[in-house]
$ cat final.cif   # mmCIF, C-alpha atoms and all ligand atoms
data_model
loop_
_atom_site.label_atom_id
_atom_site.label_comp_id
_atom_site.auth_asym_id
_atom_site.auth_seq_id
_atom_site.Cartn_x
_atom_site.Cartn_y
_atom_site.Cartn_z
CA MET A 1 0.00 0.00 0.00
CA PHE A 2 1.29 3.45 -0.94
CA GLU A 3 0.28 6.75 0.51
CA VAL A 4 0.90 10.38 -0.46
CA ALA A 5 -0.10 13.50 1.43
CA VAL A 6 -0.32 17.17 0.53
CA GLU A 7 -0.87 20.05 2.92
CA GLN A 8 -2.18 23.50 2.09
CA GLY A 9 -3.22 26.49 4.16
CA PHE A 10 -6.15 28.84 3.96
CA ALA A 11 -7.54 31.74 5.97
CA SER A 12 -11.28 31.88 6.55
CA ALA A 13 -13.76 33.10 9.10
CA HIS A 14 -16.61 31.15 10.59
CA ALA A 15 -19.17 31.30 13.37
CA LEU A 16 -20.50 28.14 14.94
CA ARG A 17 -24.29 27.85 15.15
CA ASN A 18 -25.94 26.14 18.11
CA TYR A 19 -22.84 26.69 20.17
CA LYS A 20 -22.70 28.53 23.46
CA GLY A 21 -19.35 30.21 23.86
CA ARG A 22 -16.87 32.43 22.10
CA CYS A 23 -16.93 30.35 18.90
CA GLU A 24 -20.53 31.36 18.17
CA ASN A 25 -19.12 34.80 17.30
CA VAL A 26 -17.52 35.46 13.92
CA HIS A 27 -13.78 34.78 14.11
CA GLY A 28 -11.03 33.63 11.78
CA HIS A 29 -8.39 30.93 11.63
CA ASN A 30 -5.33 30.19 9.60
CA TRP A 31 -6.45 26.68 8.78
CA LYS A 32 -4.33 23.88 7.45
CA VAL A 33 -5.67 20.96 5.46
CA ARG A 34 -3.93 17.68 4.73
CA VAL A 35 -5.29 15.23 2.19
CA VAL A 36 -3.91 11.69 2.36
CA ILE A 37 -4.36 9.51 -0.74
CA GLU A 38 -3.69 5.79 -0.83
CA GLY A 39 -3.58 3.00 -3.37
CA GLU A 40 -1.99 -0.34 -4.07
CA LYS A 41 -0.37 0.22 -7.46
CA LEU A 42 1.93 2.85 -8.93
CA ASP A 43 1.66 4.27 -12.43
CA GLN A 44 4.31 3.82 -15.13
CA THR A 45 6.40 6.65 -13.71
CA GLY A 46 6.41 5.09 -10.26
CA MET A 47 3.91 7.52 -8.79
CA LEU A 48 0.70 6.86 -6.93
CA VAL A 49 -0.69 10.22 -7.96
CA ASP A 50 1.01 13.37 -9.22
CA PHE A 51 1.59 15.83 -6.35
CA LEU A 52 0.93 18.67 -8.78
CA ASP A 53 -2.50 17.26 -9.58
CA VAL A 54 -3.33 16.93 -5.90
CA LYS A 55 -2.23 20.51 -5.26
CA SER A 56 -4.23 21.72 -8.21
CA TRP A 57 -7.42 19.92 -7.04
CA MET A 58 -6.97 21.25 -3.52
CA GLY A 59 -6.43 24.71 -4.99
CA GLU A 60 -9.76 24.53 -6.82
CA ILE A 61 -11.52 23.78 -3.55
CA LEU A 62 -9.54 26.42 -1.65
CA ASP A 63 -10.42 29.04 -4.25
CA ARG A 64 -14.01 28.76 -3.02
CA ILE A 65 -13.31 29.06 0.71
CA ASP A 66 -10.02 30.97 1.17
CA HIS A 67 -10.49 34.51 2.51
CA GLN A 68 -14.23 33.97 2.85
CA PHE A 69 -16.83 33.88 5.60
CA LEU A 70 -17.60 30.17 5.48
CA ASN A 71 -21.13 30.54 6.86
CA GLU A 72 -22.14 32.26 3.62
CA ILE A 73 -20.78 29.58 1.26
CA PRO A 74 -22.74 26.39 0.46
CA PRO A 75 -22.89 23.90 2.07
CA PHE A 76 -21.86 25.89 5.15
CA ASP A 77 -24.82 28.22 4.83
CA VAL A 78 -26.73 25.17 6.11
CA VAL A 79 -24.10 22.79 7.50
CA ASN A 80 -22.21 24.13 10.51
CA PRO A 81 -18.66 25.12 9.44
CA SER A 82 -16.91 23.10 12.13
CA ALA A 83 -13.46 21.67 11.47
CA GLU A 84 -15.08 18.22 11.27
CA ASN A 85 -17.58 19.30 8.62
CA ILE A 86 -14.90 21.15 6.63
CA ALA A 87 -12.84 17.95 6.63
CA GLU A 88 -15.80 15.96 5.28
CA TYR A 89 -16.45 18.66 2.67
CA PHE A 90 -12.84 18.39 1.46
CA TYR A 91 -13.18 14.62 1.31
CA GLN A 92 -16.32 14.85 -0.82
CA GLN A 93 -14.87 17.48 -3.13
CA MET A 94 -11.58 15.63 -3.58
CA THR A 95 -13.16 12.22 -4.15
CA GLY A 96 -14.95 13.49 -7.23
CA ARG A 97 -11.64 14.65 -8.69
CA LEU A 98 -9.87 11.30 -8.37
CA ASP A 99 -11.85 9.54 -11.10
CA GLY A 100 -9.41 10.02 -13.96
CA THR A 101 -6.17 9.04 -12.23
CA PRO A 102 -3.89 6.56 -14.09
CA VAL A 103 -4.11 4.00 -11.27
CA PRO A 104 -6.96 3.52 -8.78
CA VAL A 105 -6.54 5.65 -5.67
CA ARG A 106 -8.77 6.67 -2.80
CA ILE A 107 -8.67 9.21 -0.04
CA ARG A 108 -7.57 7.73 3.25
CA GLU A 109 -8.31 10.80 5.31
CA VAL A 110 -8.60 14.56 5.39
CA LYS A 111 -7.30 16.43 8.42
CA ILE A 112 -8.14 20.04 9.16
CA TRP A 113 -6.15 22.07 11.69
CA GLU A 114 -8.02 24.96 13.23
CA THR A 115 -4.99 25.87 15.33
CA GLU A 116 -1.52 24.38 15.74
CA ILE A 117 -2.79 22.04 18.43
CA GLN A 118 -6.39 21.35 17.40
CA SER A 119 -7.37 19.25 14.43
CA ALA A 120 -10.30 17.22 13.17
CA THR A 121 -10.10 14.28 10.78
CA TYR A 122 -12.62 12.78 8.37
CA ARG A 123 -12.00 9.21 7.28
CA PRO A 124 -14.38 7.20 5.09
CA LYS A 125 -15.66 3.93 6.55
ZN ZN B 201 -13.23 28.67 15.06
#
$ encode --input "final.cif" --output "structure tokens"
Amino acid sequence: MFEVAVEQGFASAHALRNYKGRCENVHGHNWKVRVVIEGEKLDQTGMLVDFLDVKSWMGEILDRIDHQFLNEIPPFDVVNPSAENIAEYFYQQMTGRLDGTPVPVRIREVKIWETEIQSATYRPK
């Protein structure tokens, strides 16, 4: 089994709904996201997936949410923009982009850091 991971950062604001405490107020984070991709076979160049492709796919997703107020962007206008839900959102968005890869790959997990010491991970069953 092979595994590759790419990390990117983004800066966005959010406000947690149904939460009693400071995080119900609008505030921002310098988030970090790590996408881990796994698969059993390598392509003809010896790669599981091209890092540049992964960065490009992540960039497409980040273009929607970087420097934004997440609560105003679907699905977070309905779904609470918690680190957990952002991780699942990344998973869903990335999964759709993996269809055309030279060898079969899948996402093992997406981890979102809200701060240096606090992270949430989404992993498919
Ligand atoms: Zn927060």
$ residues_near_ligand --input "final.cif" --ligand "ligand ZN 201 (chain B)" --cutoff "9 Å" --atoms "all atoms listed in the file" --output "list of chain:residue names"
A:Ala13, A:His14, A:Ala15, A:Leu16, A:Arg22, A:Cys23, A:Glu24, A:Asn25, A:Val26, A:His27, A:Gly28, A:His29, A:Pro81, A:Ser82, A:Ala83, A:Glu114, A:Thr115
$ atom_distance --input "final.cif" --atom1 "atom CA of Val4 of chain A" --atom2 "atom CA of Asn80 of chain A"
29.0 Å
$ closest_residue --input "final.cif" --among "A:Ile61, A:Ile37, A:Met94, A:Leu70" --to "Val49 of chain A" --atoms "all atoms listed in the file"
A:Ile37
$ atom_distance --input "final.cif" --atom1 "atom CA of Gln92 of chain A" --atom2 "atom CA of Gly46 of chain A"
26.5 Å
$ residues_around --input "final.cif" --residues "Phe2 of chain A" --least-positions-apart "6" --cutoff "8 Å" --atoms "all atoms listed in the file" --output "short mmCIF file (atom, residue, chain, number, x, y, z; two decimals) with C-alpha atoms, in the coordinates of the input"
data_model
loop_
_atom_site.label_atom_id
_atom_site.label_comp_id
_atom_site.auth_asym_id
_atom_site.auth_seq_id
_atom_site.Cartn_x
_atom_site.Cartn_y
_atom_site.Cartn_z
CA GLU A 38 -3.69 5.79 -0.83
CA GLY A 39 -3.58 3.00 -3.37
CA GLU A 40 -1.99 -0.34 -4.07
CA LYS A 41 -0.37 0.22 -7.46
CA LEU A 48 0.70 6.86 -6.93
#
$ closest_residue --input "final.cif" --among "A:Ala5, A:Ile73, A:Val36, A:Val54" --to "Thr101 of chain A" --atoms "only C-alpha atoms"
A:Val54
$ residues_around --input "final.cif" --residues "Arg34 of chain A" --least-positions-apart "2" --cutoff "9 Å" --atoms "all atoms listed in the file" --output "number ranges by chain"
A: 5-9, 32, 36, 109-113
$ atom_distance --input "final.cif" --atom1 "atom CA of Asn85 of chain A" --atom2 "atom CA of Thr121 of chain A"
9.3 Å
$ closest_residue --input "final.cif" --among "A:Arg108, A:Pro74, A:Thr45, A:Asp50" --to "Ile86 of chain A" --atoms "only C-alpha atoms"
A:Pro74
$ residues_around --input "final.cif" --residues "Asp66 of chain A" --least-positions-apart "5" --cutoff "6 Å" --atoms "only C-alpha atoms" --output "list in words"
Phe10, Ala11 and Ser12 of chain A
$ closest_residue --input "final.cif" --among "A:Glu116, A:Asn30, A:Glu88, A:Thr95" --to "Gln68 of chain A" --atoms "only C-alpha atoms"
A:Asn30
$ axis_aligned_box --input "final.cif" --around "segment 19-23 of chain A" --padding-each-side "4 Å" --output "lines of an AutoDock Vina configuration file"
center_x = -19.9
center_y = 29.6
center_z = 21.4
size_x = 14.0
size_y = 13.7
size_z = 13.0
$ build_atoms --input "final.cif" --residues "segment 33-49 of chain A" --atoms "N, CA and C atoms" --output "tab-separated table (two decimals), in the frame of the given file"
chain	number	residue	atom	x	y	z
A	33	VAL	N	-4.99	22.18	5.88
A	33	VAL	CA	-5.67	20.96	5.46
A	33	VAL	C	-4.64	19.98	4.91
A	34	ARG	N	-4.78	18.73	5.30
A	34	ARG	CA	-3.93	17.68	4.73
A	34	ARG	C	-4.81	16.59	4.14
A	35	VAL	N	-4.58	16.30	2.87
A	35	VAL	CA	-5.29	15.23	2.19
A	35	VAL	C	-4.32	14.06	2.02
A	36	VAL	N	-4.73	12.89	2.48
A	36	VAL	CA	-3.91	11.69	2.36
A	36	VAL	C	-4.59	10.75	1.36
A	37	ILE	N	-3.83	10.37	0.33
A	37	ILE	CA	-4.36	9.51	-0.74
A	37	ILE	C	-3.61	8.19	-0.71
A	38	GLU	N	-4.33	7.09	-0.88
A	38	GLU	CA	-3.69	5.79	-0.83
A	38	GLU	C	-4.12	4.92	-2.01
A	39	GLY	N	-3.28	3.94	-2.30
A	39	GLY	CA	-3.58	3.00	-3.37
A	39	GLY	C	-2.54	1.88	-3.37
A	40	GLU	N	-2.85	0.84	-4.12
A	40	GLU	CA	-1.99	-0.34	-4.07
A	40	GLU	C	-0.98	-0.41	-5.20
A	41	LYS	N	-1.27	0.30	-6.31
A	41	LYS	CA	-0.37	0.22	-7.46
A	41	LYS	C	0.14	1.60	-7.85
A	42	LEU	N	1.35	1.60	-8.42
A	42	LEU	CA	1.93	2.85	-8.93
A	42	LEU	C	1.74	2.91	-10.44
A	43	ASP	N	1.77	4.13	-10.98
A	43	ASP	CA	1.66	4.27	-12.43
A	43	ASP	C	3.02	4.00	-13.09
A	44	GLN	N	3.10	4.19	-14.39
A	44	GLN	CA	4.31	3.82	-15.13
A	44	GLN	C	5.52	4.65	-14.74
A	45	THR	N	5.28	5.82	-14.15
A	45	THR	CA	6.40	6.65	-13.71
A	45	THR	C	6.78	6.38	-12.25
A	46	GLY	N	6.09	5.42	-11.65
A	46	GLY	CA	6.41	5.09	-10.26
A	46	GLY	C	5.72	5.98	-9.25
A	47	MET	N	4.64	6.64	-9.70
A	47	MET	CA	3.91	7.52	-8.79
A	47	MET	C	2.52	6.98	-8.50
A	48	LEU	N	2.08	7.22	-7.30
A	48	LEU	CA	0.70	6.86	-6.93
A	48	LEU	C	-0.25	7.87	-7.57
A	49	VAL	N	0.07	9.13	-7.36
A	49	VAL	CA	-0.69	10.22	-7.96
A	49	VAL	C	0.27	11.41	-8.03
